[in-house]
Structure formats: structure tokens, C-alpha cells
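A.B. asks: Sharing input_3.cif below, mmCIF, C-alpha atoms:
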data_entry
loop_
_atom_site.label_atom_id
_atom_site.label_comp_id
_atom_site.auth_asym_id
_atom_site.auth_seq_id
_atom_site.Cartn_x
_atom_site.Cartn_y
_atom_site.Cartn_z
CA MET L 1 -72.35 39.19 -216.52
CA ASN L 2 -72.60 42.90 -217.26
CA THR L 3 -75.79 44.23 -218.80
CA ASN L 4 -75.69 46.89 -221.50
CA ASN L 5 -76.75 49.47 -218.91
CA GLU L 6 -73.86 48.47 -216.65
CA LEU L 7 -71.39 48.79 -219.53
CA ILE L 8 -72.73 52.25 -220.35
CA LEU L 9 -72.40 53.27 -216.69
CA GLN L 10 -68.81 52.01 -216.57
CA LYS L 11 -67.95 54.10 -219.64
CA GLU L 12 -69.57 57.17 -218.08
CA ASN L 13 -67.60 56.69 -214.86
CA ALA L 14 -64.37 56.22 -216.80
CA SER L 15 -65.00 59.46 -218.69
CA LYS L 16 -65.73 61.32 -215.45
CA PRO L 17 -62.97 60.19 -213.09
CA ILE L 18 -62.97 63.26 -210.82
CA TYR L 19 -65.39 63.25 -207.90
CA SER L 20 -65.11 66.95 -207.09
CA LEU L 21 -62.94 70.05 -207.27
CA THR L 22 -61.74 72.35 -204.51
CA PRO L 23 -61.09 75.57 -206.44
CA PHE L 24 -58.73 77.20 -203.95
CA THR L 25 -56.49 76.20 -201.04
CA LEU L 26 -53.42 77.58 -199.29
CA LEU L 27 -53.00 74.46 -197.13
CA ASP L 28 -52.37 71.52 -199.43
CA TYR L 29 -49.27 72.59 -201.36
CA PRO L 30 -46.56 74.08 -199.11
CA HIS L 31 -46.29 77.84 -199.63
CA LYS L 32 -48.35 77.76 -202.84
CA SER L 33 -51.90 78.58 -203.87
CA ALA L 34 -53.60 75.61 -205.47
CA CYS L 35 -56.77 73.81 -206.41
CA ILE L 36 -57.46 70.16 -205.55
CA LEU L 37 -58.78 67.48 -207.89
CA TRP L 38 -60.45 64.67 -205.91
CA PHE L 39 -60.34 61.47 -207.95
CA ALA L 40 -62.98 58.82 -207.29
CA GLY L 41 -61.93 55.31 -206.38
CA CYS L 42 -59.13 53.73 -204.38
CA ASN L 43 -57.40 50.35 -204.17
CA MET L 44 -57.28 50.51 -200.37
CA ARG L 45 -60.11 50.50 -197.84
CA CYS L 46 -58.46 52.14 -194.85
CA LEU L 47 -60.63 51.69 -191.80
CA TYR L 48 -60.19 55.31 -190.72
CA CYS L 49 -60.87 56.79 -194.17
CA TYR L 50 -63.15 59.81 -193.81
CA ASN L 51 -63.71 60.19 -197.55
CA PRO L 52 -65.90 57.11 -198.14
CA GLU L 53 -68.03 59.03 -200.62
CA ILE L 54 -64.92 59.58 -202.76
CA VAL L 55 -63.40 56.12 -202.31
CA LEU L 56 -66.68 54.31 -203.00
CA GLY L 57 -68.33 56.95 -205.16
CA LYS L 58 -68.39 57.82 -208.83
CA GLY L 59 -66.84 60.72 -210.69
CA SER L 60 -68.81 63.74 -211.86
CA LEU L 61 -66.22 65.82 -213.74
CA THR L 62 -64.44 65.11 -217.02
CA PHE L 63 -60.83 65.94 -217.81
CA GLU L 64 -62.10 68.42 -220.39
CA LYS L 65 -64.13 70.32 -217.81
CA ILE L 66 -61.14 70.45 -215.45
CA LEU L 67 -58.84 71.75 -218.18
CA SER L 68 -61.40 74.43 -219.04
CA PHE L 69 -61.49 75.49 -215.39
CA LEU L 70 -57.69 75.62 -215.22
CA GLN L 71 -57.56 77.84 -218.28
CA THR L 72 -59.41 80.46 -216.21
CA ARG L 73 -56.93 80.09 -213.34
CA LYS L 74 -53.69 80.72 -215.21
CA ASN L 75 -51.56 83.29 -213.35
CA LEU L 76 -54.02 83.08 -210.42
CA LEU L 77 -53.07 79.67 -209.00
CA ASP L 78 -49.56 78.29 -208.58
CA ALA L 79 -50.37 74.59 -208.49
CA VAL L 80 -52.78 71.73 -208.97
CA VAL L 81 -53.05 69.00 -206.33
CA PHE L 82 -54.06 65.54 -207.56
CA SER L 83 -55.70 63.71 -204.68
CA GLY L 84 -58.49 61.25 -203.96
CA GLY L 85 -59.14 58.40 -203.51
CA GLU L 86 -56.00 57.36 -205.33
CA CYS L 87 -55.44 59.61 -208.33
CA VAL L 88 -52.67 57.62 -210.04
CA LEU L 89 -54.96 54.63 -210.58
CA HIS L 90 -56.63 56.33 -213.51
CA LYS L 91 -55.40 55.24 -216.93
CA LYS L 92 -55.27 58.75 -218.39
CA ILE L 93 -53.68 60.42 -215.38
CA ILE L 94 -50.30 60.96 -217.06
CA PRO L 95 -51.74 62.68 -220.17
CA LEU L 96 -53.85 64.90 -217.89
CA ILE L 97 -50.89 65.84 -215.71
CA SER L 98 -48.87 66.52 -218.86
CA GLU L 99 -51.54 68.97 -220.04
CA VAL L 100 -51.62 70.66 -216.64
CA LYS L 101 -47.83 71.08 -216.69
CA LYS L 102 -48.00 72.56 -220.19
CA MET L 103 -50.35 75.20 -218.77
CA GLY L 104 -47.60 76.28 -216.38
CA PHE L 105 -48.90 74.86 -213.09
CA LEU L 106 -46.87 73.07 -210.48
CA VAL L 107 -48.16 69.56 -209.76
CA LYS L 108 -48.49 67.84 -206.39
CA ILE L 109 -49.49 64.19 -206.07
CA ASP L 110 -51.13 62.73 -202.96
CA THR L 111 -50.60 58.96 -203.10
CA ASN L 112 -50.78 55.81 -201.02
CA GLY L 113 -47.72 54.56 -202.89
CA SER L 114 -49.45 51.57 -204.45
CA SER L 115 -48.43 52.37 -208.03
CA PRO L 116 -44.63 52.78 -208.12
CA GLU L 117 -44.57 52.28 -211.90
CA VAL L 118 -46.75 55.34 -212.44
CA ILE L 119 -44.70 57.39 -210.00
CA GLN L 120 -41.54 56.32 -211.83
CA GLU L 121 -43.00 57.49 -215.15
CA LEU L 122 -44.01 60.84 -213.65
CA LEU L 123 -40.52 61.31 -212.25
CA ASN L 124 -38.81 60.24 -215.48
CA ASN L 125 -40.84 62.75 -217.48
CA LYS L 126 -40.51 65.54 -214.90
CA LEU L 127 -44.28 65.81 -214.55
CA VAL L 128 -44.46 66.18 -210.77
CA ASP L 129 -43.03 68.83 -208.46
CA TYR L 130 -44.06 67.59 -204.99
CA ILE L 131 -45.35 64.29 -203.61
CA ALA L 132 -47.12 63.49 -200.36
CA LEU L 133 -46.72 59.80 -199.55
CA ASP L 134 -49.11 58.19 -197.08
CA TYR L 135 -47.38 55.78 -194.71
CA LYS L 136 -50.41 53.85 -193.53
CA ALA L 137 -49.00 51.51 -190.92
CA THR L 138 -46.27 49.14 -189.89
CA GLN L 139 -45.81 46.15 -192.14
CA ALA L 140 -47.46 43.94 -189.51
CA LYS L 141 -50.60 46.10 -189.35
CA PHE L 142 -50.72 47.30 -192.95
CA GLN L 143 -53.12 44.70 -194.31
CA ALA L 144 -55.53 44.94 -191.38
CA ILE L 145 -55.72 48.74 -191.56
CA THR L 146 -55.75 49.19 -195.36
CA GLN L 147 -57.56 45.96 -196.30
CA SER L 148 -54.91 45.48 -198.99
CA ASN L 149 -51.68 43.62 -199.73
CA LEU L 150 -49.88 46.68 -201.05
CA TYR L 151 -47.14 47.25 -198.48
CA ASP L 152 -44.36 46.15 -200.86
CA SER L 153 -45.62 48.62 -203.47
CA PHE L 154 -45.60 51.39 -200.88
CA GLU L 155 -42.01 50.53 -199.97
CA ARG L 156 -40.94 50.58 -203.63
CA THR L 157 -42.51 54.01 -204.04
CA LEU L 158 -40.67 55.28 -200.96
CA ASP L 159 -37.40 53.94 -202.39
CA LEU L 160 -38.07 55.80 -205.65
CA LEU L 161 -38.69 59.07 -203.84
CA LEU L 162 -35.57 58.68 -201.74
CA GLN L 163 -33.56 58.51 -204.97
CA THR L 164 -35.15 61.57 -206.54
CA LYS L 165 -34.36 65.24 -206.07
CA ILE L 166 -37.93 66.50 -206.01
CA PRO L 167 -39.34 67.48 -202.61
CA PHE L 168 -41.67 65.01 -200.93
CA GLU L 169 -43.17 64.37 -197.52
CA VAL L 170 -44.17 61.28 -195.58
CA ARG L 171 -47.34 61.41 -193.51
CA THR L 172 -49.44 59.12 -191.34
CA THR L 173 -53.02 59.40 -190.15
CA PHE L 174 -53.12 58.44 -186.48
CA HIS L 175 -56.07 56.73 -184.81
CA SER L 176 -55.32 55.44 -181.33
CA GLN L 177 -57.49 52.35 -181.86
CA LEU L 178 -55.40 51.33 -184.86
CA LEU L 179 -51.88 52.59 -184.14
CA SER L 180 -49.95 53.08 -180.92
CA GLU L 181 -47.02 55.35 -180.18
CA ASN L 182 -44.84 52.25 -180.29
CA ASP L 183 -46.11 51.60 -183.82
CA LEU L 184 -45.16 55.15 -184.78
CA ARG L 185 -41.75 54.64 -183.21
CA GLU L 186 -41.28 51.48 -185.29
CA MET L 187 -42.34 53.37 -188.43
CA ILE L 188 -39.83 56.12 -187.69
CA GLN L 189 -37.09 53.55 -187.20
CA PHE L 190 -38.01 52.08 -190.59
CA LEU L 191 -37.67 55.52 -192.19
CA GLU L 192 -34.29 55.98 -190.52
CA ARG L 193 -33.09 52.65 -191.92
CA LYS L 194 -34.12 53.95 -195.32
CA ASN L 195 -32.02 57.08 -194.67
CA TYR L 196 -35.06 59.34 -194.80
CA VAL L 197 -34.22 62.77 -193.37
CA GLY L 198 -36.62 65.59 -192.63
CA SER L 199 -40.17 66.05 -191.39
CA TYR L 200 -42.58 63.22 -190.69
CA TYR L 201 -46.15 64.48 -190.45
CA ILE L 202 -48.75 62.96 -188.15
CA GLN L 203 -52.33 63.81 -189.05
CA TYR L 204 -54.79 63.25 -186.23
CA PHE L 205 -57.89 61.31 -187.13
CA LYS L 206 -60.99 63.50 -187.27
CA ASN L 207 -63.43 62.28 -184.65
CA ASN L 208 -67.19 62.35 -185.23
CA VAL L 209 -67.05 61.98 -189.00
CA GLU L 210 -68.29 59.18 -191.25
CA THR L 211 -65.62 56.57 -191.95
CA LEU L 212 -65.36 53.29 -193.83
CA ALA L 213 -65.38 51.37 -190.54
CA GLU L 214 -67.04 52.03 -187.21
CA LEU L 215 -64.29 53.20 -184.89
CA GLU L 216 -64.10 54.45 -181.36
CA LEU L 217 -63.08 58.03 -180.69
CA SER L 218 -59.36 58.49 -181.17
CA ARG L 219 -57.22 59.79 -178.31
CA ASN L 220 -55.18 62.28 -180.28
CA THR L 221 -52.26 62.95 -177.96
CA ILE L 222 -48.85 62.39 -179.52
CA ASP L 223 -45.67 63.56 -177.83
CA CYS L 224 -43.68 64.74 -180.84
CA LYS L 225 -40.56 65.49 -178.82
CA LYS L 226 -40.32 61.90 -177.61
CA LEU L 227 -40.80 60.52 -181.12
CA SER L 228 -38.48 62.89 -182.99
CA THR L 229 -34.92 61.74 -183.66
CA GLN L 230 -31.71 63.44 -184.72
CA THR L 231 -32.66 63.08 -188.39
CA ILE L 232 -36.46 62.99 -188.35
CA GLN L 233 -38.69 65.68 -186.88
CA VAL L 234 -42.19 64.52 -186.02
CA ILE L 235 -44.78 67.23 -186.64
CA VAL L 236 -48.47 67.02 -185.83
CA ARG L 237 -50.50 68.53 -188.63
CA GLU L 238 -53.95 69.54 -187.43
#
I'd like the structure from this file rewritten - as C-alpha cells, please.
C.D. replies:
Amino acid sequence: MNTNNELILQKENASKPIYSLTPFTLLDYPHKSACILWFAGCNMRCLYCYNPEIVLGKGSLTFEKILSFLQTRKNLLDAVVFSGGECVLHKKIIPLISEVKKMGFLVKIDTNGSSPEVIQELLNNKLVDYIALDYKATQAKFQAITQSNLYDSFERTLDLLLQTKIPFEVRTTFHSQLLSENDLREMIQFLERKNYVGSYYIQYFKNNVETLAELELSRNTIDCKKLSTQTIQVIVRE
């Protein structure tokens, strides 16, 4: 049973959903200057996750404080990146994004694809301009790697994005202890069956950083040429 102190803490965390803010980046939104909002909390526990302090931590910034910051960045930044954790889990994420759009910023969403209903609402209301979808693993390995049963939700989100006209990317974090090149080949074949065309980004796991699980060093050597197909170009993103 929750104590009064626990209930107060839950309310404080709900009112401060954002773990931290990166005020400027040229790397996270293609060809745009942006800031990044890192939302606390996630519904997956990916073994290779190197943001455990965000996934398991508590927020420190309110929506109001973020909106005040963005007021000072009008005409200086092109976009706002919503990341995490898993940003679309938060109940007030759509009103916040709506306010950010009203301020004239482009919006990019980084998502694990576990909330297709929220993504659908964002698309229906034209509240998002770019989406980065994490493709965690093959269906057979998805639960073991993410510690979740959310593969079907990921697939529904992918289907939604394939039907939309907004730009999006698919990306996978590669750790050689968790995924093999054959796994990546199977994932690419899955994307081809879905008629996905374009770039597929491989992000090498960062060795020697704190992660949710204790992992061996990853052998980060992917032969992109062998994995690329006629319709999908595999690109390693350092």
C-alpha cells in the first residue's frame, strides 16, 4: 500500500517527466539544429541500454520550464527532439507537443514503437515531422533483449509509418553478444517484406559504459555492403 509520502512523490514525478535537456545538437535531427528532451521512464529494459539513469530515474524538469526555455530559442533552433526513455508514454505528451508545434518548431520523436495509438494520434493531428523507430531485435529475440512483450506493438507502429508521408528512419543498436549478422539479415528481410525502402541505420553499442545488464565487450564490425540490398542501404552510424 502506498504511504502519503509515496503518493506525494508520485505526483512530483508526474509533474516533472523530463529527466534532462540537451540545449543544442546538430546530430539528432537530420540537417536541423535542435534541442533534446530526455523523458524519464521506459516500458522496456533493453539489456544494452546505456541510459539506465534515464530509464530507471526520475524527472527533474516540468513542461512549464521546458516551454519557457523554448520561448528563448525561437528563431535560433529549428526543432525539438522528444527522446528518453520512451517519451510517448507520458499522459500529457500530446498537449506538450502541440504547444511546441504552435511555437513554430519541427518535432522529432524517438520511439521504441510500443505505443502505436499515440503515434497514430500524432500523425492524425500533424504534430510530428520526423520519427526514429528503434528496431530492437528479431521477433525470436525481442523479449529476451527488451525484457518486454511489445513486438506486436512495434510492428503496428512500423505499419503506421509505412502508410504515412512523413519522413522516418529505422535503426538498430548492435551488440555482438545479443545480435549476429544473421539476425540483422533476418531483420532486413522483414523490412523488405514490409516494403520498407531507404536507409537502415546500425548504431554500434558503446563499450565501457554503464548498462542495464552486464555485457561483454561488443565486436563492432558490420559489413554494410554484404547486408545492403537493392532497396535497403545499411549504414553504420557511429
A.B. asks: Would you work out the distance separating CA of Asn112 (chain L) from CA of Lys32 (chain L), expressed in Å to one decimal?
C.D. replies: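 Atom-to-atom, CA of Asn112 (chain L) and CA of Lys32 (chain L) are spaced 22.2 Å apart.
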A.B. asks: Using the chain letters and numbers from the file, which residues does the PyMOL selection byres ((chain L and resi 23) around 8) grab, as a CSV table (one decimal) with C-alpha atoms, in the coordinates of the input?
C.D. replies:
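Final file, part-v4.csv:
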chain,number,residue,atom,x,y,z
L,21,LEU,CA,-62.9,70.0,-207.3
L,22,THR,CA,-61.7,72.4,-204.5
L,24,PHE,CA,-58.7,77.2,-204.0
L,25,THR,CA,-56.5,76.2,-201.0
L,34,ALA,CA,-53.6,75.6,-205.5
L,35,CYS,CA,-56.8,73.8,-206.4
L,36,ILE,CA,-57.5,70.2,-205.6
A.B. asks: Looking at only C-alpha atoms, which of L:Leu123, L:Val209, L:Leu215, L:Leu77 is the one that sits closest to Ser98 (chain L)?
C.D. replies: L:Leu123
A.B. asks: To one decimal place, how far is CA of Ser228 (chain L) from CA of Arg185 (chain L) in Å?
C.D. replies: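 Those two atoms sit 8.9 Å apart.
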A.B. asks: Restricting the calculation to only C-alpha atoms, which member of L:Leu76, L:Ile232, L:Ala140, L:Ile18 is positioned closest to His90 (chain L)?
C.D. replies: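 Using only C-alpha atoms, His90 (chain L) sits closest to L:Ile18.
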A.B. asks: CA of Val81 (chain L) and CA of Leu122 (chain L), how far apart in Å?
C.D. replies: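 Calculated distance between CA of Leu122 (chain L) and CA of Val81 (chain L) is 14.2 Å.
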A.B. asks: When the PyMOL selection byres ((chain L and resi 152-164) around 10) is applied to the file above, which residues end up in the set, as number ranges by chain?
C.D. replies: L: 111-120, 123-124, 131, 133-136, 139, 149-151, 165-170, 191, 194-197
A.B. asks: Check the smallest atom-to-atom distance from each of L:Leu212, L:Leu89, L:Val107, L:Leu217 to Pro30 (chain L) using only C-alpha atoms, then report the winner.
C.D. replies: L:Val107
A.B. asks: Decode the PyMOL selection byres ((chain L and resi 67) around 12) for the given file into explicit residues and return them as a PyMOL selection string.
C.D. replies: chain L and resi 18+21+37+61-66+68-74+80+95-103+105
A.B. asks: Convert the current residue selection to file output with C-alpha atoms, as a PDB file, in the frame of the given file.
C.D. replies:
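And here is the file that came out, part.pdb:
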ATOM      1  CA  ILE L  18     -62.970  63.260-210.820  1.00  0.00           C
ATOM      2  CA  LEU L  21     -62.940  70.050-207.270  1.00  0.00           C
ATOM      3  CA  LEU L  37     -58.780  67.480-207.890  1.00  0.00           C
ATOM      4  CA  LEU L  61     -66.220  65.820-213.740  1.00  0.00           C
ATOM      5  CA  THR L  62     -64.440  65.110-217.020  1.00  0.00           C
ATOM      6  CA  PHE L  63     -60.830  65.940-217.810  1.00  0.00           C
ATOM      7  CA  GLU L  64     -62.100  68.420-220.390  1.00  0.00           C
ATOM      8  CA  LYS L  65     -64.130  70.320-217.810  1.00  0.00           C
ATOM      9  CA  ILE L  66     -61.140  70.450-215.450  1.00  0.00           C
ATOM     10  CA  SER L  68     -61.400  74.430-219.040  1.00  0.00           C
ATOM     11  CA  PHE L  69     -61.490  75.490-215.390  1.00  0.00           C
ATOM     12  CA  LEU L  70     -57.690  75.620-215.220  1.00  0.00           C
ATOM     13  CA  GLN L  71     -57.560  77.840-218.280  1.00  0.00           C
ATOM     14  CA  THR L  72     -59.410  80.460-216.210  1.00  0.00           C
ATOM     15  CA  ARG L  73     -56.930  80.090-213.340  1.00  0.00           C
ATOM     16  CA  LYS L  74     -53.690  80.720-215.210  1.00  0.00           C
ATOM     17  CA  VAL L  80     -52.780  71.730-208.970  1.00  0.00           C
ATOM     18  CA  PRO L  95     -51.740  62.680-220.170  1.00  0.00           C
ATOM     19  CA  LEU L  96     -53.850  64.900-217.890  1.00  0.00           C
ATOM     20  CA  ILE L  97     -50.890  65.840-215.710  1.00  0.00           C
ATOM     21  CA  SER L  98     -48.870  66.520-218.860  1.00  0.00           C
ATOM     22  CA  GLU L  99     -51.540  68.970-220.040  1.00  0.00           C
ATOM     23  CA  VAL L 100     -51.620  70.660-216.640  1.00  0.00           C
ATOM     24  CA  LYS L 101     -47.830  71.080-216.690  1.00  0.00           C
ATOM     25  CA  LYS L 102     -48.000  72.560-220.190  1.00  0.00           C
ATOM     26  CA  MET L 103     -50.350  75.200-218.770  1.00  0.00           C
ATOM     27  CA  PHE L 105     -48.900  74.860-213.090  1.00  0.00           C
TER      28      PHE L 105
END
A.B. asks: Considering only C-alpha atoms, state which residue in the set L:Phe82, L:Tyr19, L:Phe39, L:Tyr48 is at the smallest distance from Ala144 (chain L).
C.D. replies: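 Of L:Phe82, L:Tyr19, L:Phe39, L:Tyr48, the one nearest Ala144 (chain L), counting only C-alpha atoms, is L:Tyr48.
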A.B. asks: Have a look at L:Cys224, L:Val236, L:Ile93, L:Val128 and name the one nearest to Thr172 (chain L); count all atoms listed in the file.
C.D. replies: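 Among the listed residues, L:Val236 lies closest to Thr172 (chain L).
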A.B. asks: Which residue out of L:Ile109, L:Gly84, L:Ala79, L:Glu210 has the minimum interatomic distance to Gly59 (chain L) when only C-alpha atoms are used?
C.D. replies: L:Gly84
A.B. asks: I'd like the neighbourhood of Ser148 (chain L) as a tab-separated table (two decimals) with C-alpha atoms, in the coordinates of the input, where a residue qualifies if any of its atoms comes within 10 Å (using only C-alpha atoms), though same-chain residues fewer than 6 positions away should be ignored.
C.D. replies:
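To be explicit, this is the file written out as result37.tsv:
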chain	number	residue	atom	x	y	z
L	43	ASN	CA	-57.40	50.35	-204.17
L	44	MET	CA	-57.28	50.51	-200.37
L	45	ARG	CA	-60.11	50.50	-197.84
L	46	CYS	CA	-58.46	52.14	-194.85
L	114	SER	CA	-49.45	51.57	-204.45
L	142	PHE	CA	-50.72	47.30	-192.95
A.B. asks: Around (-44.7, 64.7, -187.9) in the file's frame, which residues reach within 8 Å when counting all atoms listed in the file? Return as a ChimeraX atom specification?
C.D. replies: /L:171,199-203,224,233-237
A.B. asks: Set the distance at 9 Å and use only C-alpha atoms: which residues neighbour Phe205 (chain L) once local chain neighbours fewer than 2 positions away are removed? I'd like the list as a PyMOL selection string.
C.D. replies: chain L and resi 48-50+173-176+203+207+217-220
A.B. asks: Can those selected residues be exported to a file as an mmCIF file, keeping the file's coordinate frame so that it contains C-alpha atoms?
C.D. replies:
data_model
loop_
_atom_site.group_PDB
_atom_site.id
_atom_site.type_symbol
_atom_site.label_atom_id
_atom_site.label_comp_id
_atom_site.auth_asym_id
_atom_site.auth_seq_id
_atom_site.Cartn_x
_atom_site.Cartn_y
_atom_site.Cartn_z
ATOM 1 C CA TYR L 48 -60.190 55.310 -190.720
ATOM 2 C CA CYS L 49 -60.870 56.790 -194.170
ATOM 3 C CA TYR L 50 -63.150 59.810 -193.810
ATOM 4 C CA THR L 173 -53.020 59.400 -190.150
ATOM 5 C CA PHE L 174 -53.120 58.440 -186.480
ATOM 6 C CA HIS L 175 -56.070 56.730 -184.810
ATOM 7 C CA SER L 176 -55.320 55.440 -181.330
ATOM 8 C CA GLN L 203 -52.330 63.810 -189.050
ATOM 9 C CA ASN L 207 -63.430 62.280 -184.650
ATOM 10 C CA LEU L 217 -63.080 58.030 -180.690
ATOM 11 C CA SER L 218 -59.360 58.490 -181.170
ATOM 12 C CA ARG L 219 -57.220 59.790 -178.310
ATOM 13 C CA ASN L 220 -55.180 62.280 -180.280
#
